file my_file12.cif (mmCIF, C-alpha atoms; chains and numbers go by the auth columns)
data_final
#
loop_
_atom_site.group_PDB
_atom_site.id
_atom_site.type_symbol
_atom_site.label_atom_id
_atom_site.label_comp_id
_atom_site.label_asym_id
_atom_site.label_seq_id
_atom_site.Cartn_x
_atom_site.Cartn_y
_atom_site.Cartn_z
_atom_site.B_iso_or_equiv
_atom_site.auth_seq_id
_atom_site.auth_asym_id
ATOM 1 C CA MET A 1 0.000 0.000 0.000 0.00 93 M
ATOM 2 C CA ASN A 2 2.994 2.295 0.526 0.00 94 M
ATOM 3 C CA SER A 3 4.756 1.860 -2.837 0.00 95 M
ATOM 4 C CA SER A 4 4.621 4.465 -5.581 0.00 96 M
ATOM 5 C CA GLU A 5 4.299 1.634 -8.111 0.00 97 M
ATOM 6 C CA GLY A 6 1.096 0.429 -6.441 0.00 98 M
ATOM 7 C CA TRP A 7 -0.450 3.890 -6.637 0.00 99 M
ATOM 8 C CA ASP A 8 0.777 4.313 -10.220 0.00 100 M
ATOM 9 C CA LYS A 9 -1.387 1.346 -11.187 0.00 101 M
ATOM 10 C CA THR A 10 -4.518 2.826 -9.660 0.00 102 M
ATOM 11 C CA ALA A 11 -4.020 6.427 -10.834 0.00 103 M
ATOM 12 C CA THR A 12 -6.428 6.304 -13.779 0.00 104 M
ATOM 13 C CA ASP A 13 -9.245 4.720 -11.751 0.00 105 M
ATOM 14 C CA TYR A 14 -8.530 6.943 -8.746 0.00 106 M
ATOM 15 C CA ASP A 15 -8.883 10.030 -10.920 0.00 107 M
ATOM 16 C CA THR A 16 -12.490 9.111 -11.786 0.00 108 M
ATOM 17 C CA GLN A 17 -13.577 8.533 -8.192 0.00 109 M
ATOM 18 C CA THR A 18 -15.346 11.178 -6.148 0.00 110 M
ATOM 19 C CA PHE A 19 -15.378 9.690 -2.653 0.00 111 M
ATOM 20 C CA THR A 20 -12.352 11.788 -1.580 0.00 112 M
ATOM 21 C CA GLY A 21 -12.559 14.724 -3.989 0.00 113 M
ATOM 22 C CA LYS A 22 -16.013 15.781 -2.827 0.00 114 M
ATOM 23 C CA PHE A 23 -14.528 16.696 0.554 0.00 115 M
ATOM 24 C CA ALA A 24 -11.713 18.845 -0.886 0.00 116 M
ATOM 25 C CA LEU A 25 -13.279 22.272 -0.534 0.00 117 M
ATOM 26 C CA VAL A 26 -14.777 21.389 2.854 0.00 118 M
ATOM 27 C CA LEU A 27 -11.233 20.937 4.189 0.00 119 M
ATOM 28 C CA PHE A 28 -9.950 24.011 2.332 0.00 120 M
ATOM 29 C CA ASN A 29 -12.652 26.231 3.839 0.00 121 M
ATOM 30 C CA LYS A 30 -12.091 24.874 7.343 0.00 122 M
ATOM 31 C CA VAL A 31 -8.411 25.782 7.075 0.00 123 M
ATOM 32 C CA THR A 32 -8.648 29.190 5.394 0.00 124 M
ATOM 33 C CA LYS A 33 -11.871 30.378 7.030 0.00 125 M
ATOM 34 C CA SER A 34 -12.399 32.558 3.934 0.00 126 M
ATOM 35 C CA ASN A 35 -9.582 34.819 5.159 0.00 127 M
ATOM 36 C CA ILE A 36 -6.805 34.219 2.631 0.00 128 M
ATOM 37 C CA PRO A 37 -3.968 36.785 2.434 0.00 129 M
ATOM 38 C CA LYS A 38 -3.260 38.115 -1.040 0.00 130 M
ATOM 39 C CA GLY A 39 -0.534 36.140 -2.798 0.00 131 M
ATOM 40 C CA ALA A 40 -0.843 33.152 -0.450 0.00 132 M
ATOM 41 C CA LYS A 41 1.019 29.958 -1.345 0.00 133 M
ATOM 42 C CA MET A 42 -0.166 26.437 -0.607 0.00 134 M
ATOM 43 C CA ILE A 43 1.227 22.939 -0.919 0.00 135 M
ATOM 44 C CA ASP A 44 -0.938 19.858 -1.430 0.00 136 M
ATOM 45 C CA ILE A 45 0.946 16.860 0.003 0.00 137 M
ATOM 46 C CA ALA A 46 0.199 13.283 -1.078 0.00 138 M
ATOM 47 C CA GLY A 47 -2.467 14.887 -3.224 0.00 139 M
ATOM 48 C CA GLY A 48 -3.029 11.964 -5.603 0.00 140 M
ATOM 49 C CA THR A 49 -4.454 13.124 -8.913 0.00 141 M
ATOM 50 C CA GLY A 50 -4.879 16.641 -7.577 0.00 142 M
ATOM 51 C CA GLN A 51 -8.507 16.691 -6.522 0.00 143 M
ATOM 52 C CA LEU A 52 -7.938 19.300 -3.809 0.00 144 M
ATOM 53 C CA SER A 53 -5.490 21.418 -5.833 0.00 145 M
ATOM 54 C CA LEU A 54 -7.772 21.411 -8.866 0.00 146 M
ATOM 55 C CA ALA A 55 -10.843 22.294 -6.809 0.00 147 M
ATOM 56 C CA VAL A 56 -9.065 25.288 -5.278 0.00 148 M
ATOM 57 C CA ALA A 57 -7.662 26.484 -8.617 0.00 149 M
ATOM 58 C CA ARG A 58 -11.105 26.250 -10.233 0.00 150 M
ATOM 59 C CA LEU A 59 -12.464 28.685 -7.656 0.00 151 M
ATOM 60 C CA GLY A 60 -10.664 31.434 -9.531 0.00 152 M
ATOM 61 C CA ASN A 61 -9.751 34.661 -7.762 0.00 153 M
ATOM 62 C CA ASN A 62 -9.307 33.575 -4.144 0.00 154 M
ATOM 63 C CA ASN A 63 -5.886 35.153 -3.342 0.00 155 M
ATOM 64 C CA ILE A 64 -4.006 31.856 -3.748 0.00 156 M
ATOM 65 C CA SER A 65 -1.099 32.740 -6.027 0.00 157 M
ATOM 66 C CA SER A 66 0.460 29.275 -6.355 0.00 158 M
ATOM 67 C CA ILE A 67 -0.411 25.689 -5.545 0.00 159 M
ATOM 68 C CA VAL A 68 2.298 23.018 -5.481 0.00 160 M
ATOM 69 C CA ALA A 69 0.480 19.721 -6.084 0.00 161 M
ATOM 70 C CA THR A 70 2.602 16.775 -4.958 0.00 162 M
ATOM 71 C CA ASP A 71 2.512 13.001 -4.749 0.00 163 M
ATOM 72 C CA PHE A 72 5.169 10.293 -4.649 0.00 164 M
ATOM 73 C CA SER A 73 3.451 8.478 -7.530 0.00 165 M
ATOM 74 C CA PRO A 74 4.726 9.786 -10.886 0.00 166 M
ATOM 75 C CA LYS A 75 1.566 8.559 -12.607 0.00 167 M
ATOM 76 C CA MET A 76 -0.644 10.478 -10.172 0.00 168 M
ATOM 77 C CA VAL A 77 1.347 13.652 -10.820 0.00 169 M
ATOM 78 C CA GLU A 78 1.136 13.009 -14.563 0.00 170 M
ATOM 79 C CA MET A 79 -2.653 13.001 -14.221 0.00 171 M
ATOM 80 C CA VAL A 80 -2.516 16.342 -12.388 0.00 172 M
ATOM 81 C CA ARG A 81 -0.354 17.812 -15.142 0.00 173 M
ATOM 82 C CA SER A 82 -2.820 16.633 -17.762 0.00 174 M
ATOM 83 C CA HIS A 83 -5.718 18.388 -15.978 0.00 175 M
ATOM 84 C CA VAL A 84 -3.631 21.545 -15.534 0.00 176 M
ATOM 85 C CA ASN A 85 -2.767 21.668 -19.231 0.00 177 M
ATOM 86 C CA ASN A 86 -6.287 20.861 -20.427 0.00 178 M
ATOM 87 C CA GLU A 87 -7.900 23.466 -18.188 0.00 179 M
ATOM 88 C CA LYS A 88 -5.068 26.032 -18.449 0.00 180 M
ATOM 89 C CA LEU A 89 -4.743 26.338 -14.683 0.00 181 M
ATOM 90 C CA SER A 90 -1.549 28.336 -14.551 0.00 182 M
ATOM 91 C CA ASN A 91 -1.215 28.564 -10.756 0.00 183 M
ATOM 92 C CA ILE A 92 -0.800 24.797 -10.163 0.00 184 M
ATOM 93 C CA ILE A 93 2.738 23.380 -10.160 0.00 185 M
ATOM 94 C CA PRO A 94 2.685 19.524 -10.237 0.00 186 M
ATOM 95 C CA LYS A 95 5.711 17.856 -8.632 0.00 187 M
ATOM 96 C CA VAL A 96 6.711 14.306 -7.732 0.00 188 M
ATOM 97 C CA MET A 97 7.627 14.534 -4.077 0.00 189 M
ATOM 98 C CA ASP A 98 7.771 12.395 -0.932 0.00 190 M
ATOM 99 C CA GLY A 99 5.613 13.899 1.787 0.00 191 M
ATOM 100 C CA GLN A 100 8.112 12.732 4.411 0.00 192 M
ATOM 101 C CA ASN A 101 10.938 14.652 2.727 0.00 193 M
ATOM 102 C CA LEU A 102 9.498 17.734 1.055 0.00 194 M
ATOM 103 C CA GLU A 103 11.663 19.558 -1.460 0.00 195 M
ATOM 104 C CA ALA A 104 10.788 22.961 -0.054 0.00 196 M
ATOM 105 C CA ASP A 105 12.466 25.691 1.967 0.00 197 M
ATOM 106 C CA ASP A 106 11.554 26.332 5.574 0.00 198 M
ATOM 107 C CA GLU A 107 8.482 28.549 6.101 0.00 199 M
ATOM 108 C CA MET A 108 7.705 28.675 2.390 0.00 200 M
ATOM 109 C CA TYR A 109 3.908 28.233 2.398 0.00 201 M
ATOM 110 C CA ASP A 110 0.898 29.834 4.026 0.00 202 M
ATOM 111 C CA TYR A 111 -1.124 26.618 3.857 0.00 203 M
ATOM 112 C CA ALA A 112 -0.296 22.908 3.742 0.00 204 M
ATOM 113 C CA PHE A 113 -2.802 20.137 3.120 0.00 205 M
ATOM 114 C CA ASN A 114 -2.702 16.370 3.342 0.00 206 M
ATOM 115 C CA SER A 115 -5.995 14.920 2.175 0.00 207 M
ATOM 116 C CA PHE A 116 -6.416 11.173 2.796 0.00 208 M
ATOM 117 C CA GLY A 117 -2.713 10.438 2.408 0.00 209 M
ATOM 118 C CA LEU A 118 -1.068 10.764 5.810 0.00 210 M
ATOM 119 C CA PHE A 119 -2.254 7.395 7.181 0.00 211 M
ATOM 120 C CA CYS A 120 -0.354 5.696 4.320 0.00 212 M
ATOM 121 C CA PHE A 121 2.975 7.221 5.374 0.00 213 M
ATOM 122 C CA PRO A 122 5.502 4.790 6.885 0.00 214 M
ATOM 123 C CA ASP A 123 6.530 7.605 9.256 0.00 215 M
ATOM 124 C CA ILE A 124 3.475 9.695 10.166 0.00 216 M
ATOM 125 C CA GLN A 125 5.422 11.927 12.565 0.00 217 M
ATOM 126 C CA LYS A 126 7.946 12.780 9.865 0.00 218 M
ATOM 127 C CA GLY A 127 5.116 13.736 7.522 0.00 219 M
ATOM 128 C CA ILE A 128 3.612 16.109 10.088 0.00 220 M
ATOM 129 C CA ASP A 129 7.019 17.513 11.048 0.00 221 M
ATOM 130 C CA GLU A 130 7.570 18.377 7.398 0.00 222 M
ATOM 131 C CA MET A 131 4.231 20.203 7.254 0.00 223 M
ATOM 132 C CA PHE A 132 5.301 22.237 10.272 0.00 224 M
ATOM 133 C CA ARG A 133 8.686 23.005 8.736 0.00 225 M
ATOM 134 C CA VAL A 134 7.441 24.297 5.384 0.00 226 M
ATOM 135 C CA ILE A 135 4.626 26.595 6.572 0.00 227 M
ATOM 136 C CA LYS A 136 5.138 30.139 7.740 0.00 228 M
ATOM 137 C CA LYS A 137 4.507 31.435 11.230 0.00 229 M
ATOM 138 C CA ASN A 138 0.729 31.706 11.678 0.00 230 M
ATOM 139 C CA GLY A 139 0.351 29.343 8.725 0.00 231 M
ATOM 140 C CA ARG A 140 -2.433 26.785 8.788 0.00 232 M
ATOM 141 C CA ILE A 141 -2.666 23.118 7.852 0.00 233 M
ATOM 142 C CA GLY A 142 -5.505 20.745 7.044 0.00 234 M
ATOM 143 C CA ILE A 143 -5.495 16.950 7.258 0.00 235 M
ATOM 144 C CA SER A 144 -8.274 14.609 6.147 0.00 236 M
ATOM 145 C CA THR A 145 -8.357 11.052 7.466 0.00 237 M
ATOM 146 C CA TRP A 146 -11.077 8.427 7.678 0.00 238 M
ATOM 147 C CA SER A 147 -13.227 7.912 10.740 0.00 239 M
ATOM 148 C CA PRO A 148 -14.360 4.400 11.778 0.00 240 M
ATOM 149 C CA ARG A 149 -17.536 5.148 9.815 0.00 241 M
ATOM 150 C CA LEU A 150 -16.057 3.925 6.541 0.00 242 M
ATOM 151 C CA ASP A 151 -17.460 0.920 4.678 0.00 243 M
ATOM 152 C CA PRO A 152 -14.646 -0.281 2.329 0.00 244 M
ATOM 153 C CA PRO A 153 -12.366 -1.597 5.132 0.00 245 M
ATOM 154 C CA LYS A 154 -15.372 -3.432 6.615 0.00 246 M
ATOM 155 C CA ILE A 155 -16.044 -4.973 3.197 0.00 247 M
ATOM 156 C CA ILE A 156 -12.410 -6.062 2.856 0.00 248 M
ATOM 157 C CA ARG A 157 -12.388 -7.646 6.320 0.00 249 M
ATOM 158 C CA ALA A 158 -15.590 -9.564 5.571 0.00 250 M
ATOM 159 C CA ILE A 159 -14.166 -10.920 2.292 0.00 251 M
ATOM 160 C CA ILE A 160 -10.937 -12.062 3.931 0.00 252 M
ATOM 161 C CA ASN A 161 -12.718 -13.656 6.878 0.00 253 M
ATOM 162 C CA ARG A 162 -14.980 -15.601 4.515 0.00 254 M
ATOM 163 C CA LEU A 163 -12.152 -16.881 2.324 0.00 255 M
ATOM 164 C CA ASN A 164 -9.797 -17.688 5.156 0.00 256 M
ATOM 165 C CA PRO A 165 -11.186 -17.370 8.707 0.00 257 M
ATOM 166 C CA ASN A 166 -7.707 -17.958 10.162 0.00 258 M
ATOM 167 C CA THR A 167 -6.262 -14.862 8.483 0.00 259 M
ATOM 168 C CA THR A 168 -5.806 -11.764 10.589 0.00 260 M
ATOM 169 C CA ALA A 169 -8.036 -9.100 9.079 0.00 261 M
ATOM 170 C CA PRO A 170 -6.435 -5.754 8.168 0.00 262 M
ATOM 171 C CA VAL A 171 -6.458 -3.094 10.846 0.00 263 M
ATOM 172 C CA PRO A 172 -8.698 -0.049 10.345 0.00 264 M
ATOM 173 C CA PRO A 173 -7.057 3.031 8.821 0.00 265 M
ATOM 174 C CA LEU A 174 -4.724 4.842 11.186 0.00 266 M
ATOM 175 C CA LEU A 175 -5.513 8.304 12.565 0.00 267 M
ATOM 176 C CA ASN A 176 -9.210 7.485 12.818 0.00 268 M
ATOM 177 C CA SER A 177 -9.897 9.546 15.941 0.00 269 M
ATOM 178 C CA ALA A 178 -9.085 12.979 17.304 0.00 270 M
ATOM 179 C CA GLU A 179 -7.176 11.315 20.132 0.00 271 M
ATOM 180 C CA SER A 180 -4.910 9.440 17.720 0.00 272 M
ATOM 181 C CA ILE A 181 -4.112 12.507 15.596 0.00 273 M
ATOM 182 C CA ARG A 182 -3.474 15.150 18.264 0.00 274 M
ATOM 183 C CA PRO A 183 -0.209 13.745 19.770 0.00 275 M
ATOM 184 C CA TYR A 184 1.573 13.867 16.393 0.00 276 M
ATOM 185 C CA LEU A 185 0.570 17.487 15.865 0.00 277 M
ATOM 186 C CA GLU A 186 1.488 18.555 19.383 0.00 278 M
ATOM 187 C CA LYS A 187 4.880 16.889 19.097 0.00 279 M
ATOM 188 C CA ALA A 188 5.557 18.777 15.859 0.00 280 M
ATOM 189 C CA GLY A 189 4.702 22.062 17.573 0.00 281 M
ATOM 190 C CA PHE A 190 1.223 22.862 16.267 0.00 282 M
ATOM 191 C CA SER A 191 -1.391 24.790 18.225 0.00 283 M
ATOM 192 C CA GLU A 192 -5.129 25.441 17.863 0.00 284 M
ATOM 193 C CA ILE A 193 -5.755 21.808 16.919 0.00 285 M
ATOM 194 C CA GLU A 194 -9.345 21.005 16.022 0.00 286 M
ATOM 195 C CA THR A 195 -10.817 17.764 14.649 0.00 287 M
ATOM 196 C CA THR A 196 -14.367 17.471 13.350 0.00 288 M
ATOM 197 C CA LEU A 197 -16.389 14.618 11.868 0.00 289 M
ATOM 198 C CA VAL A 198 -17.950 15.270 8.468 0.00 290 M
ATOM 199 C CA GLU A 199 -20.956 13.250 7.344 0.00 291 M
ATOM 200 C CA GLY A 200 -20.475 11.547 4.001 0.00 292 M
ATOM 201 C CA TYR A 201 -21.820 8.793 1.762 0.00 293 M
ATOM 202 C CA THR A 202 -20.868 7.497 -1.668 0.00 294 M
ATOM 203 C CA GLU A 203 -23.508 5.923 -3.873 0.00 295 M
ATOM 204 C CA TYR A 204 -22.792 3.209 -6.447 0.00 296 M
ATOM 205 C CA PRO A 205 -25.495 2.340 -9.024 0.00 297 M
ATOM 206 C CA SER A 206 -24.222 -1.237 -9.120 0.00 298 M
ATOM 207 C CA LEU A 207 -21.983 -3.372 -6.922 0.00 299 M
ATOM 208 C CA GLU A 208 -20.010 -4.433 -9.988 0.00 300 M
ATOM 209 C CA GLU A 209 -19.156 -0.773 -10.559 0.00 301 M
ATOM 210 C CA PHE A 210 -17.769 -0.513 -7.024 0.00 302 M
ATOM 211 C CA ILE A 211 -15.496 -3.518 -7.584 0.00 303 M
ATOM 212 C CA GLU A 212 -14.400 -2.240 -10.993 0.00 304 M
ATOM 213 C CA LYS A 213 -13.381 1.120 -9.525 0.00 305 M
ATOM 214 C CA PHE A 214 -11.835 -0.308 -6.364 0.00 306 M
ATOM 215 C CA LYS A 215 -9.985 -3.388 -7.644 0.00 307 M
ATOM 216 C CA THR A 216 -6.802 -1.508 -8.573 0.00 308 M
ATOM 217 C CA ASN A 217 -6.674 0.248 -5.191 0.00 309 M
ATOM 218 C CA PRO A 218 -3.575 -0.933 -3.267 0.00 310 M
ATOM 219 C CA MET A 219 -5.759 -1.775 -0.239 0.00 311 M
ATOM 220 C CA TYR A 220 -7.885 -4.129 -2.363 0.00 312 M
ATOM 221 C CA VAL A 221 -4.840 -5.596 -4.124 0.00 313 M
ATOM 222 C CA GLY A 222 -3.060 -6.120 -0.814 0.00 314 M
ATOM 223 C CA ALA A 223 -6.107 -7.832 0.678 0.00 315 M
ATOM 224 C CA ARG A 224 -6.430 -10.125 -2.338 0.00 316 M
ATOM 225 C CA ASN A 225 -2.779 -11.066 -2.097 0.00 317 M
ATOM 226 C CA SER A 226 -3.106 -11.771 1.634 0.00 318 M
ATOM 227 C CA VAL A 227 -5.420 -14.768 1.200 0.00 319 M
ATOM 228 C CA PRO A 228 -4.049 -18.236 0.302 0.00 320 M
ATOM 229 C CA GLU A 229 -3.289 -18.669 -3.380 0.00 321 M
ATOM 230 C CA GLU A 230 -5.753 -21.555 -3.731 0.00 322 M
ATOM 231 C CA VAL A 231 -8.711 -19.253 -2.936 0.00 323 M
ATOM 232 C CA ARG A 232 -7.393 -16.063 -4.519 0.00 324 M
ATOM 233 C CA ASP A 233 -9.330 -16.570 -7.747 0.00 325 M
ATOM 234 C CA LYS A 234 -12.541 -16.515 -5.666 0.00 326 M
ATOM 235 C CA PHE A 235 -11.806 -13.083 -4.226 0.00 327 M
ATOM 236 C CA GLU A 236 -13.935 -11.093 -6.665 0.00 328 M
ATOM 237 C CA SER A 237 -16.918 -13.451 -6.566 0.00 329 M
ATOM 238 C CA THR A 238 -16.728 -13.489 -2.765 0.00 330 M
ATOM 239 C CA ALA A 239 -16.576 -9.707 -2.803 0.00 331 M
ATOM 240 C CA LEU A 240 -19.839 -9.638 -4.744 0.00 332 M
ATOM 241 C CA GLU A 241 -21.470 -12.047 -2.285 0.00 333 M
ATOM 242 C CA VAL A 242 -20.421 -9.880 0.658 0.00 334 M
ATOM 243 C CA LEU A 243 -21.557 -6.707 -1.072 0.00 335 M
ATOM 244 C CA HIS A 244 -24.983 -8.134 -1.895 0.00 336 M
ATOM 245 C CA GLU A 245 -25.456 -9.074 1.762 0.00 337 M
ATOM 246 C CA MET A 246 -24.300 -5.682 3.054 0.00 338 M
ATOM 247 C CA PHE A 247 -26.168 -3.658 0.422 0.00 339 M
ATOM 248 C CA PRO A 248 -29.290 -5.613 -0.636 0.00 340 M
ATOM 249 C CA SER A 249 -30.829 -2.646 -2.463 0.00 341 M
ATOM 250 C CA LEU A 250 -29.424 -0.295 -5.082 0.00 342 M
ATOM 251 C CA PRO A 251 -27.937 2.190 -5.334 0.00 343 M
ATOM 252 C CA ALA A 252 -25.477 1.014 -2.699 0.00 344 M
ATOM 253 C CA LYS A 253 -25.065 3.852 -0.214 0.00 345 M
ATOM 254 C CA MET A 254 -21.665 3.371 1.415 0.00 346 M
ATOM 255 C CA GLU A 255 -20.694 5.308 4.494 0.00 347 M
ATOM 256 C CA SER A 256 -17.570 7.413 4.039 0.00 348 M
ATOM 257 C CA CYS A 257 -17.271 9.900 6.893 0.00 349 M
ATOM 258 C CA PRO A 258 -13.935 11.681 7.201 0.00 350 M
ATOM 259 C CA LEU A 259 -12.278 13.429 10.094 0.00 351 M
ATOM 260 C CA MET A 260 -10.901 16.854 9.268 0.00 352 M
ATOM 261 C CA THR A 261 -8.144 18.257 11.435 0.00 353 M
ATOM 262 C CA THR A 262 -6.853 21.806 11.320 0.00 354 M
ATOM 263 C CA ALA A 263 -3.953 23.371 13.194 0.00 355 M
ATOM 264 C CA THR A 264 -1.853 26.530 13.307 0.00 356 M
ATOM 265 C CA LYS A 265 1.885 27.191 13.554 0.00 357 M
ATOM 266 C CA LEU A 266 2.117 29.987 16.115 0.00 358 M
#

call {"tool": "encode", "arguments": {"input": "my_file12.cif", "output": "structure tokens"}}
result
Amino acid sequence: MNSSEGWDKTATDYDTQTFTGKFALVLFNKVTKSNIPKGAKMIDIAGGTGQLSLAVARLGNNNISSIVATDFSPKMVEMVRSHVNNEKLSNIIPKVMDGQNLEADDEMYDYAFNSFGLFCFPDIQKGIDEMFRVIKKNGRIGISTWSPRLDPPKIIRAIINRLNPNTTAPVPPLLNSAESIRPYLEKAGFSEIETTLVEGYTEYPSLEEFIEKFKTNPMYVGARNSVPEEVRDKFESTALEVLHEMFPSLPAKMESCPLMTTATKL
């Protein structure tokens, strides 16, 4: 789940999904509070195919002068560049970059965002320390993570348990509570830390569509590879069985409620 190659493979499918992108401006507004200084600079860390960066740029005149859109997956960044060129969004600068080792000067940005990427970092503290380092004094950050109210991990655990009851099911996503996020931020030096739950659902017209969109996701691939080889070819059919039981009527309304955390560098 933590390799750039794994995310390269899912970039095209990820770019068509809306279950993270629809929360982009919610996080942005929580961080900026509609009080953006003229010429402000922001960095989007582990930004995938640029859903947050693109959403902000499409707002037009909002005092953000430049947006550095980063991800460690070259294919993800290639997708961002394609959107930037097609839409002529001149204030977005796509860059391949590791969020644990940002290629940026100290106190370079007014805002830093990490939207649904931080829990994938091998070193979460390093990722947050880097956010602290690159933002200016009084700069603000925003982090989106998943709360326990998220259906895909529950689906994955049910599939694995059915195929191989002796397998240890994957743990829920990290940073899934305010209590688990706050210590990292405090250690880095952040103040004014606030975490809020945002209600969210994603609807799929068919269960086959969900599998088609999700099957290249590194979490799904990793789960499939975790079951014994002799039952691996049954993974997709078992996934459909589980989905039909969990979502007997269509469209399938899957819970996807994020936590949004904001903090300030004083």

call {"tool": "closest_residue", "arguments": {"input": "my_file12.cif", "among": "M:Glu337, M:Ala196, M:Leu299, M:Ala147", "to": "Lys114 (chain M)", "atoms": "only C-alpha atoms"}}
result
M:Ala147

call {"tool": "resolve_selection", "arguments": {"input": "my_file12.cif", "expression": "the PyMOL selection byres ((chain M and resi 305) around 10)", "output": "PyMOL selection string"}}
result
chain M and resi 102+104-106+108-109+300-304+306-309

call {"tool": "residues_around", "arguments": {"input": "my_file12.cif", "residues": "Leu335 (chain M)", "least_positions_apart": "4", "cutoff": "8 Å", "atoms": "only C-alpha atoms", "output": "compact mmCIF listing (two decimals) with C-alpha atoms, keeping the file's coordinate frame"}}
result
# COMPACT_ATOMS: atom_id res chain seq x y z
CA ILE M 247 -16.04 -4.97 3.20
CA LEU M 299 -21.98 -3.37 -6.92
CA ALA M 331 -16.58 -9.71 -2.80
CA PHE M 339 -26.17 -3.66 0.42
CA PRO M 340 -29.29 -5.61 -0.64

call {"tool": "resolve_selection", "arguments": {"input": "my_file12.cif", "expression": "the PyMOL selection byres ((chain M and resi 163-170) around 10)", "output": "ChimeraX atom specification"}}
result
/M:94-104,106-107,136-142,161-162,171-176,185-192,209

call {"tool": "write_last_selection", "arguments": {"input": "my_file12.cif", "atoms": "C-alpha atoms", "output": "mmCIF file, in the frame of the given file"}}
result
data_model
loop_
_atom_site.group_PDB
_atom_site.id
_atom_site.type_symbol
_atom_site.label_atom_id
_atom_site.label_comp_id
_atom_site.auth_asym_id
_atom_site.auth_seq_id
_atom_site.Cartn_x
_atom_site.Cartn_y
_atom_site.Cartn_z
ATOM 1 C CA ASN M 94 2.994 2.295 0.526
ATOM 2 C CA SER M 95 4.756 1.860 -2.837
ATOM 3 C CA SER M 96 4.621 4.465 -5.581
ATOM 4 C CA GLU M 97 4.299 1.634 -8.111
ATOM 5 C CA GLY M 98 1.096 0.429 -6.441
ATOM 6 C CA TRP M 99 -0.450 3.890 -6.637
ATOM 7 C CA ASP M 100 0.777 4.313 -10.220
ATOM 8 C CA LYS M 101 -1.387 1.346 -11.187
ATOM 9 C CA THR M 102 -4.518 2.826 -9.660
ATOM 10 C CA ALA M 103 -4.020 6.427 -10.834
ATOM 11 C CA THR M 104 -6.428 6.304 -13.779
ATOM 12 C CA TYR M 106 -8.530 6.943 -8.746
ATOM 13 C CA ASP M 107 -8.883 10.030 -10.920
ATOM 14 C CA ASP M 136 -0.938 19.858 -1.430
ATOM 15 C CA ILE M 137 0.946 16.860 0.003
ATOM 16 C CA ALA M 138 0.199 13.283 -1.078
ATOM 17 C CA GLY M 139 -2.467 14.887 -3.224
ATOM 18 C CA GLY M 140 -3.029 11.964 -5.603
ATOM 19 C CA THR M 141 -4.454 13.124 -8.913
ATOM 20 C CA GLY M 142 -4.879 16.641 -7.577
ATOM 21 C CA ALA M 161 0.480 19.721 -6.084
ATOM 22 C CA THR M 162 2.602 16.775 -4.958
ATOM 23 C CA MET M 171 -2.653 13.001 -14.221
ATOM 24 C CA VAL M 172 -2.516 16.342 -12.388
ATOM 25 C CA ARG M 173 -0.354 17.812 -15.142
ATOM 26 C CA SER M 174 -2.820 16.633 -17.762
ATOM 27 C CA HIS M 175 -5.718 18.388 -15.978
ATOM 28 C CA VAL M 176 -3.631 21.545 -15.534
ATOM 29 C CA ILE M 185 2.738 23.380 -10.160
ATOM 30 C CA PRO M 186 2.685 19.524 -10.237
ATOM 31 C CA LYS M 187 5.711 17.856 -8.632
ATOM 32 C CA VAL M 188 6.711 14.306 -7.732
ATOM 33 C CA MET M 189 7.627 14.534 -4.077
ATOM 34 C CA ASP M 190 7.771 12.395 -0.932
ATOM 35 C CA GLY M 191 5.613 13.899 1.787
ATOM 36 C CA GLN M 192 8.112 12.732 4.411
ATOM 37 C CA GLY M 209 -2.713 10.438 2.408
#

call {"tool": "atom_distance", "arguments": {"input": "my_file12.cif", "atom1": "CA of Ser269 (chain M)", "atom2": "CA of Tyr201 (chain M)"}}
result
26.9 Å

call {"tool": "atom_distance", "arguments": {"input": "my_file12.cif", "atom1": "CA of Thr353 (chain M)", "atom2": "CA of Arg241 (chain M)"}}
result
16.2 Å

call {"tool": "closest_residue", "arguments": {"input": "my_file12.cif", "among": "M:Thr112, M:Asn153, M:Asn206, M:Ser145", "to": "Lys130 (chain M)", "atoms": "all atoms listed in the file"}}
result
M:Asn153

call {"tool": "axis_aligned_box", "arguments": {"input": "my_file12.cif", "around": "region 340-343 of chain M", "padding_each_side": "4 Å", "output": "JSON"}}
result
{"center_x": -29.4, "center_y": -1.7, "center_z": -3.0, "size_x": 10.9, "size_y": 15.8, "size_z": 12.7}

call {"tool": "closest_residue", "arguments": {"input": "my_file12.cif", "among": "M:Ile251, M:Ala132, M:Ile156, M:Leu267", "to": "Asp202 (chain M)", "atoms": "all atoms listed in the file"}}
result
M:Ala132

call {"tool": "residues_around", "arguments": {"input": "my_file12.cif", "residues": "Pro275 (chain M)", "least_positions_apart": "5", "cutoff": "12 Å", "atoms": "only C-alpha atoms", "output": "PyMOL selection string"}}
result
chain M and resi 216-217+220-221+267+269-270+280-283+285
